[in-house]
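What follows is a single structure, written as structure tokens, with notes after it.
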Amino acid sequence: MSSKPKLLLLLFVLVSVVTLKAIHHKLYSADTRLPSNPIYRSDDPKAMTQVPPLPYAEELSALAPVRPAPKKVTTTVFMLRGDFSSPLFDLFTLQKRAIKFCDNDTKVEGCDVHLEKSYRWGTLSSKLVDSLKVMCNSMKRTDFYVKIDDDLIMSETELERIIRTMGSTDCQVGGGIAVNYPFYWPVGQIYIFKRAVFDDICQKLPYAANLHSHEDIALGMLINSVDQKMFCSLDKPRSHWHKKYRDQRVRVEYLQQHNV
């Protein structure tokens with residue numbers, strides 16, 4: 001074979017390789033690429049708990065500010081509401097303010113979003129994912145996102161104080177921070193995360209599958225971080241309570257927490 005056909009053949013091979021690489025890049029990059037920090041995966045669910053505990057996250061009140069507290073922030077408060085919620089849940093301002101995500105067959109009133117499916121106690125992680133998808137796809141972004149339970153007892157003033165404090169620190173996720181999995185995960189009647197975390201979650205939701213049935217652990221799988229500085233603990237409530245509150249004039253007690 002003369003040198004000219006060989007050169008043409010080599011040129012054809014090079015063009016083919018470049019074209020294939022370009023097609024691959026188009027298919028598996030940009031909007032369709034996997035997040036740089038992937039969702040936590042494990043083929044053995046038991047292996048998730050067979051790890052040394054992570055270091056405890058510091059209390060929010062113990063963190064030194066790294067910037068002035070923001071004077072004005074935007075906040076999205078949301079809750080997963082079920083038929084077990086008290087009809088008077090909105091006596092409390094946070095619950096009244098929250099976006100209420102309900103099952104499609106719910107019998108309760110006061111829902112803001114009716115999801116396409118019905119859920120039970122063991123499928124709340126699916127309800128959380130579906131609720132987050134609605135917020136990611138159709139709601140305006142805010143600086144903070146606050147997930148609350150219907151039996152949280154907390155004043156609006158206290159939430160604003162926590163958010164201002166978080167805004168002055170590098171803490172990205174605040175709540176009861178559990179350390180018994182290979183990632184930190186928020187637990188409790190309230191947890192708060194900043195917009196950067198929410199944006200990261202939105203990027204991962206299209207790939208969310210086989211998440212833990214516990215919605216808080218599922219959120220930890222989505223965040224998938226062992227960075228202690230990213231989390232701060234609200235484990236020692238000073239002005240918010242779970243199910244029970246009492247002072248010299250008022251007593252509040254939830255008699256049922258979950259629809260079981």
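Chains: A, B, ... in order of the structure tokens. Residues: from 1 per chain. Ligands: from 1, in order shown.
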Selection: 8 Å around A:Tyr254, only C-alpha atoms, excl. self and same-chain fewer than 5 positions, as an mmCIF file with N, CA and C atoms, in the first residue's frame:
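Once everything was written out, this is selection38.cif:
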```
data_model
loop_
_atom_site.group_PDB
_atom_site.id
_atom_site.type_symbol
_atom_site.label_atom_id
_atom_site.label_comp_id
_atom_site.auth_asym_id
_atom_site.auth_seq_id
_atom_site.Cartn_x
_atom_site.Cartn_y
_atom_site.Cartn_z
ATOM 1 N N ASP A 151 -45.252 18.555 64.592
ATOM 2 C CA ASP A 151 -45.306 18.644 66.051
ATOM 3 C C ASP A 151 -44.128 19.430 66.629
ATOM 4 N N LYS A 243 -43.095 18.074 70.590
ATOM 5 C CA LYS A 243 -44.314 17.466 71.114
ATOM 6 C C LYS A 243 -44.824 18.083 72.417
ATOM 7 N N LYS A 244 -43.908 18.577 73.281
ATOM 8 C CA LYS A 244 -44.369 19.080 74.573
ATOM 9 C C LYS A 244 -43.743 20.431 74.900
#
```
Q) Counting only C-alpha atoms, what is within 9 Å of A:Met48, bar same-chain residues fewer than 2 positions away, as an MDAnalysis selection string? A) chainID A and resid 42 44:46 50:51 180:182
In terms of only C-alpha atoms, the residue from A:Ala57, A:Val146, A:Ala64, A:Val252 at minimal distance from A:Ile99 is A:Val146
Within 12 Å of stretch 130-138 of chain A, which residues of stretch 172-213 of chain A come that close, and what is the closest atom pair and distance in Å for each? Count only C-alpha atoms and give it as a Markdown table.
```
| residue | atom | partner | partner_atom | distance |
| --- | --- | --- | --- | --- |
| A:Arg195 | CA | A:Cys136 | CA | 11.0 |
| A:Val197 | CA | A:Cys136 | CA | 11.8 |
| A:Phe198 | CA | A:Cys136 | CA | 8.2 |
| A:Asp199 | CA | A:Cys136 | CA | 7.9 |
| A:Asp200 | CA | A:Cys136 | CA | 10.3 |
| A:Ile201 | CA | A:Leu132 | CA | 8.4 |
| A:Cys202 | CA | A:Cys136 | CA | 5.7 |
| A:Gln203 | CA | A:Cys136 | CA | 8.9 |
| A:Lys204 | CA | A:Lys133 | CA | 10.2 |
| A:Leu205 | CA | A:Lys133 | CA | 7.0 |
| A:Pro206 | CA | A:Lys133 | CA | 8.7 |
| A:Tyr207 | CA | A:Lys133 | CA | 11.7 |
| A:Ala208 | CA | A:Asp130 | CA | 10.5 |
| A:Ala209 | CA | A:Asp130 | CA | 12.0 |
```
What is the distance, in Å and to one decimal place, between atom CA of A:Ser233 and atom CA of A:Asp247?
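One can read the atom CA of A:Ser233 to atom CA of A:Asp247 distance as 25.0 Å.
The space separating atom CA of A:Gly175 from atom CA of A:Asn104 comes to 29.0 Å.
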(Q) Give me, as a ChimeraX atom specification, all polymer residues having an atom no more than 12 Å from A:Ala196, counting only C-alpha atoms and skipping those fewer than 5 positions away in the same chain. (A) /A:141-145,170-173,201-203,223,230
**Asked** Please, what distance in Å, to one decimal, runs between atom CA of A:Pro70 and atom CA of A:Ile190?
**Response**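 Answer for the atom CA of A:Pro70 to atom CA of A:Ile190 separation: 21.0 Å.
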Requested in this report: Write out as a PyMOL selection string all residues of stretch 13-233 of chain A that DSSP puts in strand (DSSP E) for this structure's backbone.
Outcome: chain A and resi 75-80+99-102+113-114+144-148+152-154+173-178+185-194+231-233
Kindly save the residues from that selection, with N, CA, C and O atoms included, as a short mmCIF file (atom, residue, chain, number, x, y, z; two decimals), in the first residue's frame.
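That gives us again-v1.cif:
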```cif
data_model
loop_
_atom_site.label_atom_id
_atom_site.label_comp_id
_atom_site.auth_asym_id
_atom_site.auth_seq_id
_atom_site.Cartn_x
_atom_site.Cartn_y
_atom_site.Cartn_z
N THR A 75 -36.29 32.69 53.06
CA THR A 75 -36.38 31.36 53.66
C THR A 75 -37.60 30.62 53.13
O THR A 75 -38.68 31.19 53.02
N THR A 76 -37.41 29.34 52.82
CA THR A 76 -38.51 28.45 52.48
C THR A 76 -38.68 27.46 53.63
O THR A 76 -37.75 26.73 53.97
N VAL A 77 -39.84 27.45 54.24
CA VAL A 77 -40.18 26.49 55.29
C VAL A 77 -41.14 25.47 54.68
O VAL A 77 -42.10 25.85 54.01
N PHE A 78 -40.88 24.18 54.88
CA PHE A 78 -41.78 23.18 54.32
C PHE A 78 -41.96 22.02 55.29
O PHE A 78 -41.15 21.80 56.19
N MET A 79 -43.06 21.30 55.14
CA MET A 79 -43.36 20.16 55.99
C MET A 79 -44.09 19.10 55.18
O MET A 79 -44.78 19.42 54.21
N LEU A 80 -43.90 17.84 55.58
CA LEU A 80 -44.63 16.73 54.98
C LEU A 80 -45.83 16.47 55.88
O LEU A 80 -45.69 16.00 57.00
N ILE A 99 -44.88 25.50 53.59
CA ILE A 99 -45.49 24.85 52.42
C ILE A 99 -45.83 23.43 52.83
O ILE A 99 -44.97 22.66 53.24
N LYS A 100 -47.11 23.08 52.76
CA LYS A 100 -47.58 21.78 53.20
C LYS A 100 -47.67 20.82 52.00
O LYS A 100 -48.45 21.06 51.09
N PHE A 101 -46.87 19.75 52.03
CA PHE A 101 -46.91 18.73 50.98
C PHE A 101 -47.75 17.56 51.48
O PHE A 101 -47.47 16.98 52.53
N CYS A 102 -48.80 17.21 50.72
CA CYS A 102 -49.75 16.19 51.15
C CYS A 102 -49.86 15.08 50.12
O CYS A 102 -49.54 15.27 48.94
N VAL A 113 -49.57 21.71 48.35
CA VAL A 113 -49.21 20.87 47.21
C VAL A 113 -49.73 19.46 47.44
O VAL A 113 -49.44 18.86 48.48
N HIS A 114 -50.50 18.96 46.50
CA HIS A 114 -50.92 17.57 46.53
C HIS A 114 -49.98 16.79 45.60
O HIS A 114 -49.94 17.04 44.39
N PHE A 144 -32.27 30.02 52.48
CA PHE A 144 -32.33 28.93 53.45
C PHE A 144 -33.55 28.07 53.18
O PHE A 144 -34.58 28.56 52.72
N TYR A 145 -33.41 26.79 53.56
CA TYR A 145 -34.53 25.84 53.48
C TYR A 145 -34.68 25.19 54.85
O TYR A 145 -33.71 24.72 55.44
N VAL A 146 -35.91 25.17 55.35
CA VAL A 146 -36.18 24.69 56.70
C VAL A 146 -37.24 23.60 56.62
O VAL A 146 -38.37 23.85 56.18
N LYS A 147 -36.87 22.40 57.01
CA LYS A 147 -37.84 21.30 57.04
C LYS A 147 -38.28 21.12 58.49
O LYS A 147 -37.45 20.95 59.39
N ILE A 148 -39.60 21.17 58.71
CA ILE A 148 -40.11 21.05 60.07
C ILE A 148 -41.11 19.90 60.14
O ILE A 148 -41.71 19.50 59.14
N LEU A 152 -43.52 20.28 65.80
CA LEU A 152 -42.51 21.22 66.29
C LEU A 152 -43.19 22.38 67.01
O LEU A 152 -44.20 22.91 66.54
N ILE A 153 -42.65 22.75 68.15
CA ILE A 153 -43.14 23.92 68.89
C ILE A 153 -41.99 24.92 68.94
O ILE A 153 -41.00 24.71 69.64
N MET A 154 -42.12 25.99 68.16
CA MET A 154 -41.02 26.94 68.00
C MET A 154 -41.57 28.27 67.53
O MET A 154 -42.52 28.32 66.75
N VAL A 173 -25.53 22.91 57.10
CA VAL A 173 -26.68 22.11 57.50
C VAL A 173 -26.76 22.12 59.02
O VAL A 173 -25.81 21.73 59.70
N GLY A 174 -27.88 22.56 59.55
CA GLY A 174 -28.08 22.60 60.99
C GLY A 174 -29.27 21.77 61.40
O GLY A 174 -30.28 21.73 60.71
N GLY A 175 -29.15 21.11 62.54
CA GLY A 175 -30.24 20.28 63.07
C GLY A 175 -29.67 19.35 64.10
O GLY A 175 -28.60 19.57 64.65
N GLY A 176 -30.40 18.27 64.39
CA GLY A 176 -29.79 17.19 65.14
C GLY A 176 -28.96 16.40 64.15
O GLY A 176 -29.48 15.86 63.18
N ILE A 177 -27.64 16.37 64.33
CA ILE A 177 -26.75 15.77 63.33
C ILE A 177 -26.29 14.40 63.82
O ILE A 177 -25.57 14.29 64.82
N ALA A 178 -26.75 13.35 63.14
CA ALA A 178 -26.40 11.98 63.53
C ALA A 178 -25.07 11.58 62.90
O ALA A 178 -24.72 12.03 61.81
N TRP A 185 -26.01 12.96 58.77
CA TRP A 185 -27.40 13.13 58.32
C TRP A 185 -28.18 13.89 59.39
O TRP A 185 -27.98 13.73 60.58
N PRO A 186 -29.08 14.78 58.94
CA PRO A 186 -29.83 15.60 59.88
C PRO A 186 -31.05 14.86 60.40
O PRO A 186 -31.74 14.17 59.65
N VAL A 187 -31.32 15.02 61.67
CA VAL A 187 -32.46 14.34 62.27
C VAL A 187 -33.11 15.30 63.26
O VAL A 187 -32.45 16.18 63.83
N GLY A 188 -34.36 15.14 63.48
CA GLY A 188 -35.03 15.97 64.47
C GLY A 188 -36.26 16.63 63.91
O GLY A 188 -36.60 16.49 62.73
N GLN A 189 -36.93 17.38 64.78
CA GLN A 189 -38.16 18.03 64.39
C GLN A 189 -37.94 19.24 63.50
O GLN A 189 -38.87 19.77 62.91
N ILE A 190 -36.67 19.66 63.37
CA ILE A 190 -36.34 20.76 62.47
C ILE A 190 -34.91 20.59 61.99
O ILE A 190 -34.03 20.20 62.76
N TYR A 191 -34.69 20.80 60.70
CA TYR A 191 -33.32 20.97 60.21
C TYR A 191 -33.32 22.00 59.10
O TYR A 191 -34.33 22.23 58.43
N ILE A 192 -32.17 22.64 58.96
CA ILE A 192 -32.03 23.81 58.10
C ILE A 192 -30.83 23.61 57.19
O ILE A 192 -29.77 23.16 57.65
N PHE A 193 -30.97 23.92 55.91
CA PHE A 193 -29.79 23.89 55.04
C PHE A 193 -29.80 25.10 54.11
O PHE A 193 -30.85 25.65 53.79
N LYS A 194 -28.60 25.48 53.71
CA LYS A 194 -28.44 26.67 52.88
C LYS A 194 -28.67 26.33 51.41
O LYS A 194 -28.73 25.17 51.00
N PHE A 231 -21.50 20.96 59.03
CA PHE A 231 -22.68 20.70 59.84
C PHE A 231 -22.57 21.37 61.21
O PHE A 231 -21.48 21.55 61.74
N CYS A 232 -23.71 21.74 61.75
CA CYS A 232 -23.75 22.26 63.12
C CYS A 232 -24.98 21.70 63.81
O CYS A 232 -26.02 21.46 63.19
N SER A 233 -24.83 21.47 65.09
CA SER A 233 -25.85 20.77 65.85
C SER A 233 -26.83 21.72 66.52
O SER A 233 -26.44 22.74 67.08
#
```
- Contacts of A:Val226 at 8 Å (only C-alpha atoms; same-chain gap of 3+ positions) as a PyMOL selection string: chain A and resi 54+182-184
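Using only C-alpha atoms, the nearest neighbour of A:Glu160 within the list A:Ile39, A:Leu255, A:Leu94, A:Val250 is A:Leu94.
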Backbone-only DSSP, helix (DSSP H, G or I) members of stretch 36-227 of chain A, as a PyMOL selection string: chain A and resi 45-48+60-62+89-91+93-97+121-138+156-167+195-207+215-223
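Counting only C-alpha atoms, the residue from A:Ser239, A:Ser213, A:Gln228, A:Ser61 that sits nearest to A:Glu156 is A:Ser239.
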Of A:Ala98, A:Leu234, A:Val66, A:Ile217, the one nearest to A:Leu128 when counting only C-alpha atoms is A:Ile217
>> Would you pick out the contacts of stretch 105-108 of chain A at 8 Å or less, using only C-alpha atoms, so that residues sharing its chain but fewer than 6 positions from it are not included, and give the list as a VMD selection string?
In response: chain A and resid 82 to 83 87 117 to 118
